[in-house]
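Note: the block below is upload.txt and it holds compact mmCIF, C-alpha atoms.
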# COMPACT_ATOMS: atom_id res chain seq x y z
CA MET T 1 12.75 -12.39 -85.91
CA ALA T 2 9.40 -11.28 -87.28
CA ARG T 3 7.83 -8.03 -86.02
CA ASP T 4 4.92 -9.88 -84.42
CA GLU T 5 7.32 -11.93 -82.36
CA HIS T 6 8.74 -8.70 -80.87
CA VAL T 7 5.35 -7.41 -79.74
CA PRO T 8 5.20 -9.18 -76.30
CA TYR T 9 8.69 -7.97 -75.48
CA LEU T 10 8.12 -4.44 -76.80
CA GLU T 11 5.06 -4.13 -74.57
CA ASN T 12 7.15 -5.03 -71.50
CA ILE T 13 10.07 -2.71 -72.22
CA PRO T 14 8.46 0.49 -70.77
CA ALA T 15 7.69 -1.24 -67.47
CA TYR T 16 11.14 -2.83 -67.43
CA ALA T 17 12.80 0.56 -67.99
CA ILE T 18 11.32 2.00 -64.80
CA GLY T 19 11.71 -1.22 -62.76
CA ALA T 20 7.98 -2.03 -62.65
CA LEU T 21 7.93 -5.28 -64.63
CA ASP T 22 6.80 -8.49 -62.90
CA ALA T 23 9.63 -10.78 -61.92
CA GLU T 24 8.34 -13.68 -64.07
CA ASP T 25 8.47 -11.47 -67.20
CA VAL T 26 11.85 -9.91 -66.40
CA SER T 27 13.79 -13.13 -66.98
CA ALA T 28 12.22 -13.75 -70.38
CA LEU T 29 12.79 -10.15 -71.50
CA GLU T 30 16.43 -10.12 -70.41
CA ILE T 31 17.10 -13.35 -72.38
CA HIS T 32 15.45 -11.80 -75.43
CA LEU T 33 17.48 -8.58 -75.10
CA GLN T 34 20.71 -10.55 -75.33
CA THR T 35 19.90 -11.55 -78.94
CA CYS T 36 17.71 -8.65 -80.12
CA ALA T 37 19.44 -5.40 -81.03
CA SER T 38 16.23 -3.54 -81.91
CA CYS T 39 14.70 -4.26 -78.51
CA ARG T 40 17.90 -3.10 -76.81
CA THR T 41 17.64 0.13 -78.78
CA GLU T 42 14.00 0.49 -77.73
CA LEU T 43 14.97 -0.05 -74.07
CA ALA T 44 17.73 2.57 -74.29
CA GLU T 45 15.28 5.12 -75.65
CA TYR T 46 12.77 4.44 -72.87
CA ARG T 47 15.47 4.81 -70.20
CA VAL T 48 16.50 8.19 -71.62
CA LEU T 49 12.85 9.24 -71.67
CA SER T 50 12.21 8.12 -68.07
CA GLU T 51 15.28 9.96 -66.80
CA SER T 52 14.21 13.09 -68.64
CA LEU T 53 10.77 12.96 -67.09
CA LEU T 54 12.26 12.60 -63.63
CA LYS T 55 14.49 15.63 -64.16
CA ALA T 56 11.73 17.69 -65.71
CA VAL T 57 10.00 18.25 -62.36
CA PRO T 58 12.31 19.53 -59.59
CA PRO T 59 12.14 17.57 -56.32
CA LYS T 60 9.90 19.13 -53.69
CA ARG T 61 10.13 18.53 -49.95
CA PRO T 62 6.78 17.39 -48.52
CA SER T 63 5.10 19.52 -45.87
CA VAL T 64 5.63 18.76 -42.20
CA VAL T 65 2.03 17.64 -41.79
CA LEU T 66 2.22 15.30 -44.80
CA ARG T 67 5.58 13.91 -43.70
CA LYS T 68 4.31 13.16 -40.17
CA ARG T 69 1.16 11.58 -41.63
CA LEU T 70 3.21 9.31 -43.88
CA GLN T 71 5.65 8.43 -41.11
CA SER T 72 2.78 7.53 -38.78
CA ARG T 73 1.58 4.95 -41.29
CA LEU T 74 4.89 3.12 -41.37
CA PRO T 75 4.85 -0.24 -39.48
CA SER T 76 7.82 0.79 -37.34
CA ALA T 77 6.05 3.96 -36.19
CA GLN T 78 2.85 2.11 -35.31
CA LYS T 79 4.85 -0.45 -33.30
CA THR T 80 6.58 2.36 -31.37
CA MET T 81 3.24 4.00 -30.56
CA ARG T 82 1.85 0.71 -29.24
CA THR T 83 4.97 0.21 -27.13
CA GLN T 84 4.70 3.74 -25.71
CA TRP T 85 1.11 3.07 -24.67
CA VAL T 86 1.74 -0.42 -23.33
CA PHE T 87 4.81 0.49 -21.25
CA PRO T 88 3.17 3.30 -19.23
CA PHE T 89 0.10 1.15 -18.69
CA SER T 90 2.24 -1.75 -17.46
CA ARG T 91 4.16 0.55 -15.17
CA LEU T 92 0.93 2.07 -13.85
CA ALA T 93 -0.54 -1.38 -13.24
CA PHE T 94 2.60 -2.43 -11.38
CA GLY T 95 2.49 0.72 -9.26
CA LEU T 96 -1.16 0.18 -8.39
CA ALA T 97 -0.43 -3.43 -7.47
CA VAL T 98 2.38 -2.34 -5.14
CA ILE T 99 0.14 0.28 -3.50
CA ALA T 100 -2.64 -2.28 -3.05
CA LEU T 101 -0.20 -4.74 -1.51
CA LEU T 102 1.14 -2.13 0.91
CA ALA T 103 -2.39 -1.11 1.89
CA LEU T 104 -3.31 -4.75 2.46
CA ASN T 105 -0.22 -5.23 4.62
CA LEU T 106 -1.05 -2.15 6.68
CA VAL T 107 -4.62 -3.33 7.20
CA SER T 108 -3.41 -6.80 8.15
CA PHE T 109 -0.85 -5.32 10.55
CA ALA T 110 -3.50 -3.11 12.17
CA GLN T 111 -5.86 -6.08 12.54
CA LEU T 112 -3.05 -8.17 14.01
CA ARG T 113 -2.22 -5.45 16.54
CA GLN T 114 -5.89 -5.19 17.46
CA ILE T 115 -6.12 -8.96 17.99
CA GLN T 116 -2.94 -8.92 20.07
CA ASN T 117 -4.31 -6.10 22.24
CA GLN T 118 -7.58 -7.97 22.71
CA GLN T 119 -5.72 -11.14 23.67
CA ALA T 120 -3.55 -9.22 26.15
CA SER T 121 -6.65 -7.63 27.69
CA LEU T 122 -8.41 -11.02 28.00
CA LEU T 123 -5.30 -12.56 29.55
CA THR T 124 -5.13 -9.76 32.11
CA GLN T 125 -8.81 -10.24 32.96
CA VAL T 126 -8.31 -13.99 33.43
CA GLU T 127 -5.27 -13.45 35.62
CA ASN T 128 -7.12 -10.87 37.73
CA ALA T 129 -10.09 -13.20 38.10
CA GLN T 130 -7.80 -15.98 39.29
CA ILE T 131 -6.17 -13.65 41.84
CA ALA T 132 -9.57 -12.51 43.13
CA LEU T 133 -10.82 -16.09 43.48
CA ALA T 134 -7.66 -17.11 45.31
CA MET T 135 -7.97 -14.20 47.72
CA LEU T 136 -11.66 -14.89 48.39
CA SER T 137 -10.75 -18.41 49.44
CA SER T 138 -8.42 -17.09 52.14
CA PRO T 139 -9.83 -17.01 55.70
CA ASN T 140 -7.97 -13.77 56.37
CA ILE T 141 -9.59 -11.81 53.56
CA GLN T 142 -10.86 -8.31 54.39
CA THR T 143 -13.50 -6.74 52.19
CA VAL T 144 -13.60 -2.95 52.09
CA LEU T 145 -16.46 -1.25 50.28
CA ILE T 146 -15.60 1.69 48.03
CA SER T 147 -18.04 4.54 47.68
CA GLY T 148 -17.24 7.83 46.01
CA GLU T 149 -18.88 10.39 43.77
CA ASN T 150 -20.44 8.25 41.00
CA VAL T 151 -17.93 5.49 41.81
CA SER T 152 -18.46 2.18 43.59
CA GLY T 153 -16.48 -0.98 44.12
CA THR T 154 -14.67 -3.30 46.51
CA LEU T 155 -11.15 -3.65 47.83
CA LEU T 156 -10.02 -7.18 48.71
CA LEU T 157 -7.24 -7.06 51.28
CA ASP T 158 -5.23 -9.92 52.75
CA LYS T 159 -2.66 -8.39 55.10
CA SER T 160 -1.26 -11.77 56.14
CA HIS T 161 -0.19 -12.50 52.55
CA ASN T 162 0.38 -8.82 51.71
CA GLN T 163 -2.09 -8.93 48.83
CA ALA T 164 -4.69 -6.41 47.69
CA PHE T 165 -7.09 -6.43 44.78
CA LEU T 166 -9.17 -3.50 43.52
CA ILE T 167 -12.57 -3.89 41.83
CA VAL T 168 -14.15 -0.56 40.88
CA GLY T 169 -16.91 0.46 38.49
CA ASP T 170 -18.28 3.59 36.85
CA LEU T 171 -14.86 5.22 36.52
CA PRO T 172 -14.94 8.39 34.39
CA GLU T 173 -13.28 8.22 31.00
CA LEU T 174 -9.82 9.76 30.83
CA ALA T 175 -8.11 11.92 28.23
CA ASN T 176 -5.19 10.39 26.36
CA ASP T 177 -2.71 12.35 28.48
CA GLN T 178 -4.24 11.20 31.80
CA ILE T 179 -4.13 8.03 33.91
CA TYR T 180 -5.41 6.76 37.26
CA GLN T 181 -2.82 6.37 40.01
CA ILE T 182 -3.24 4.30 43.21
CA TRP T 183 -1.91 5.68 46.50
CA LEU T 184 -1.33 3.92 49.82
CA VAL T 185 -1.91 6.25 52.79
CA LYS T 186 0.81 6.25 55.45
CA ALA T 187 0.32 7.00 59.14
CA ASP T 188 2.06 10.39 58.75
CA GLY T 189 -0.28 11.40 55.95
CA GLY T 190 2.22 10.71 53.20
CA ARG T 191 1.42 8.74 50.06
CA ASP T 192 3.24 5.87 48.32
CA SER T 193 2.41 5.04 44.71
CA ALA T 194 0.99 1.53 44.23
CA GLY T 195 0.54 1.50 40.45
CA LEU T 196 -1.16 3.04 37.42
CA PHE T 197 -4.17 1.87 35.45
CA ARG T 198 -6.80 2.86 32.91
CA PRO T 199 -10.45 1.72 32.76
CA GLU T 200 -10.88 -1.49 30.78
CA SER T 201 -12.63 -0.71 27.50
CA GLY T 202 -16.07 -2.27 27.17
CA GLN T 203 -16.09 -3.50 30.78
CA SER T 204 -18.45 -2.29 33.50
CA TYR T 205 -15.81 -2.86 36.19
CA THR T 206 -12.08 -2.34 36.21
CA THR T 207 -9.89 -4.76 38.16
CA LYS T 208 -6.34 -4.15 39.35
CA ALA T 209 -3.96 -6.20 41.47
CA ILE T 210 -2.11 -3.91 43.90
CA SER T 211 1.45 -4.58 44.96
CA SER T 212 3.65 -2.92 47.56
CA THR T 213 7.25 -3.32 48.68
CA GLN T 214 6.05 -2.74 52.26
CA MET T 215 3.43 -4.59 54.25
CA PHE T 216 -0.11 -3.35 53.80
CA SER T 217 -0.41 -3.42 57.58
CA ASN T 218 1.90 -0.36 57.62
CA TYR T 219 -0.72 1.71 55.81
CA LEU T 220 -4.01 3.22 56.91
CA GLY T 221 -5.91 3.31 53.64
CA ILE T 222 -5.92 3.56 49.88
CA GLY T 223 -6.97 6.19 47.33
CA VAL T 224 -7.05 6.89 43.60
CA THR T 225 -6.42 10.18 41.80
CA VAL T 226 -6.27 11.37 38.18
CA GLU T 227 -2.68 12.13 37.20
CA PRO T 228 -0.75 13.01 34.02
CA ALA T 229 0.20 10.05 31.83
CA GLY T 230 3.24 8.37 33.33
CA GLY T 231 2.15 9.11 36.91
CA SER T 232 3.29 11.55 39.58
CA ASP T 233 5.57 11.43 42.62
CA ALA T 234 2.70 12.68 44.82
CA PRO T 235 -1.04 13.23 44.29
CA THR T 236 -1.68 16.30 42.12
CA GLY T 237 -5.01 15.65 40.39
CA GLN T 238 -8.65 15.03 41.19
CA ARG T 239 -9.30 12.45 43.91
CA ILE T 240 -11.69 9.72 42.77
CA PHE T 241 -12.05 7.96 46.14
CA LYS T 242 -10.30 7.18 49.41
CA VAL T 243 -11.08 4.40 51.87
CA ASP T 244 -9.52 3.33 55.15
CA PHE T 245 -8.50 -0.24 55.98
In structure tokens, what does this structure look like?
Amino acid sequence: MARDEHVPYLENIPAYAIGALDAEDVSALEIHLQTCASCRTELAEYRVLSESLLKAVPPKRPSVVLRKRLQSRLPSAQKTMRTQWVFPFSRLAFGLAVIALLALNLVSFAQLRQIQNQQASLLTQVENAQIALAMLSSPNIQTVLISGENVSGTLLLDKSHNQAFLIVGDLPELANDQIYQIWLVKADGGRDSAGLFRPESGQSYTTKAISSTQMFSNYLGIGVTVEPAGGSDAPTGQRIFKVDF
């Protein structure tokens, strides 16, 4: 083979020796090497030279900063960093969503309780109004005016049907640990409890149906006092009013 014909292959041998030759040229060079002894000799010399150059400089461990910088540029490291950021954010978003849902449920529950309380109050007012209207239609109704210190109202009393209904306004506000208690006055001066109540919020007058296991004709009058929440066995607090039948 003429010298000029070796030139393209000789030019590729250095790159081939260090593994840097393009794949399309590798195949042609390897076929040529099978039949060309001089090119094989040239390749052997380049391989010895490349190995010598590699051994001439001792290996040196890169610095920690350089190693971390190189590692951070690897695709696997960048993917891990994105995952580390995405996972906490997803967990935080989930936590915030749970908190928002719980808060919404608490608000909805509070609103539902408020609506239920309002409905119960309206139902009580309707029932009391119906009782008062029924009593006013009775021919045996007795109307007793109530007058106390800054308190006024009316007691509807039907002794024949053993019914009584209290309508009173301007009642003082009570503390949370207090309540109004109704007392029926006996002939011997004793008192029997006839129920507990609190002023109706937002209403000028408070209404209360009064019940008794005994006939109202056995009593001389009625009174109201301020008592501890839960009521008392006998009057202990401030008297709001007392009227006789």
Selection: 7 Å around Leu156 of chain T, only C-alpha atoms, excl. self and same-chain fewer than 5 positions, as an mmCIF file with C-alpha atoms, in the coordinates of the input:
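Result file is out_13.cif:
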data_model
loop_
_atom_site.group_PDB
_atom_site.id
_atom_site.type_symbol
_atom_site.label_atom_id
_atom_site.label_comp_id
_atom_site.auth_asym_id
_atom_site.auth_seq_id
_atom_site.Cartn_x
_atom_site.Cartn_y
_atom_site.Cartn_z
ATOM 1 C CA ILE T 141 -9.590 -11.810 53.560
ATOM 2 C CA GLN T 142 -10.860 -8.310 54.390
ATOM 3 C CA THR T 143 -13.500 -6.740 52.190
ATOM 4 C CA VAL T 144 -13.600 -2.950 52.090
ATOM 5 C CA ALA T 164 -4.690 -6.410 47.690
ATOM 6 C CA PHE T 165 -7.090 -6.430 44.780
ATOM 7 C CA LEU T 166 -9.170 -3.500 43.520
#
Quick one: pull the distance between atom CA of Ala17 of chain T and atom CA of Tyr46 of chain T, Å, one decimal.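 Straight-line distance from atom CA of Ala17 of chain T to atom CA of Tyr46 of chain T works out to 6.2 Å.
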Just the number, please: distance in Å from atom CA of Leu220 of chain T to atom CA of Ile182 of chain T, one decimal.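 For atom CA of Leu220 of chain T relative to atom CA of Ile182 of chain T, the distance reads 13.8 Å.
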With distances taken over only C-alpha atoms, which residue among T:Asp192, T:Ile13, T:Phe241, T:Ala44 lies nearest Thr213 of chain T?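 Smallest distance to Thr213 of chain T is found for T:Asp192.
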With distances taken over all atoms listed in the file, which of T:Gln178, T:Ser108, T:Tyr9, T:Ser212 is nearest to Asp25 of chain T? T:Tyr9
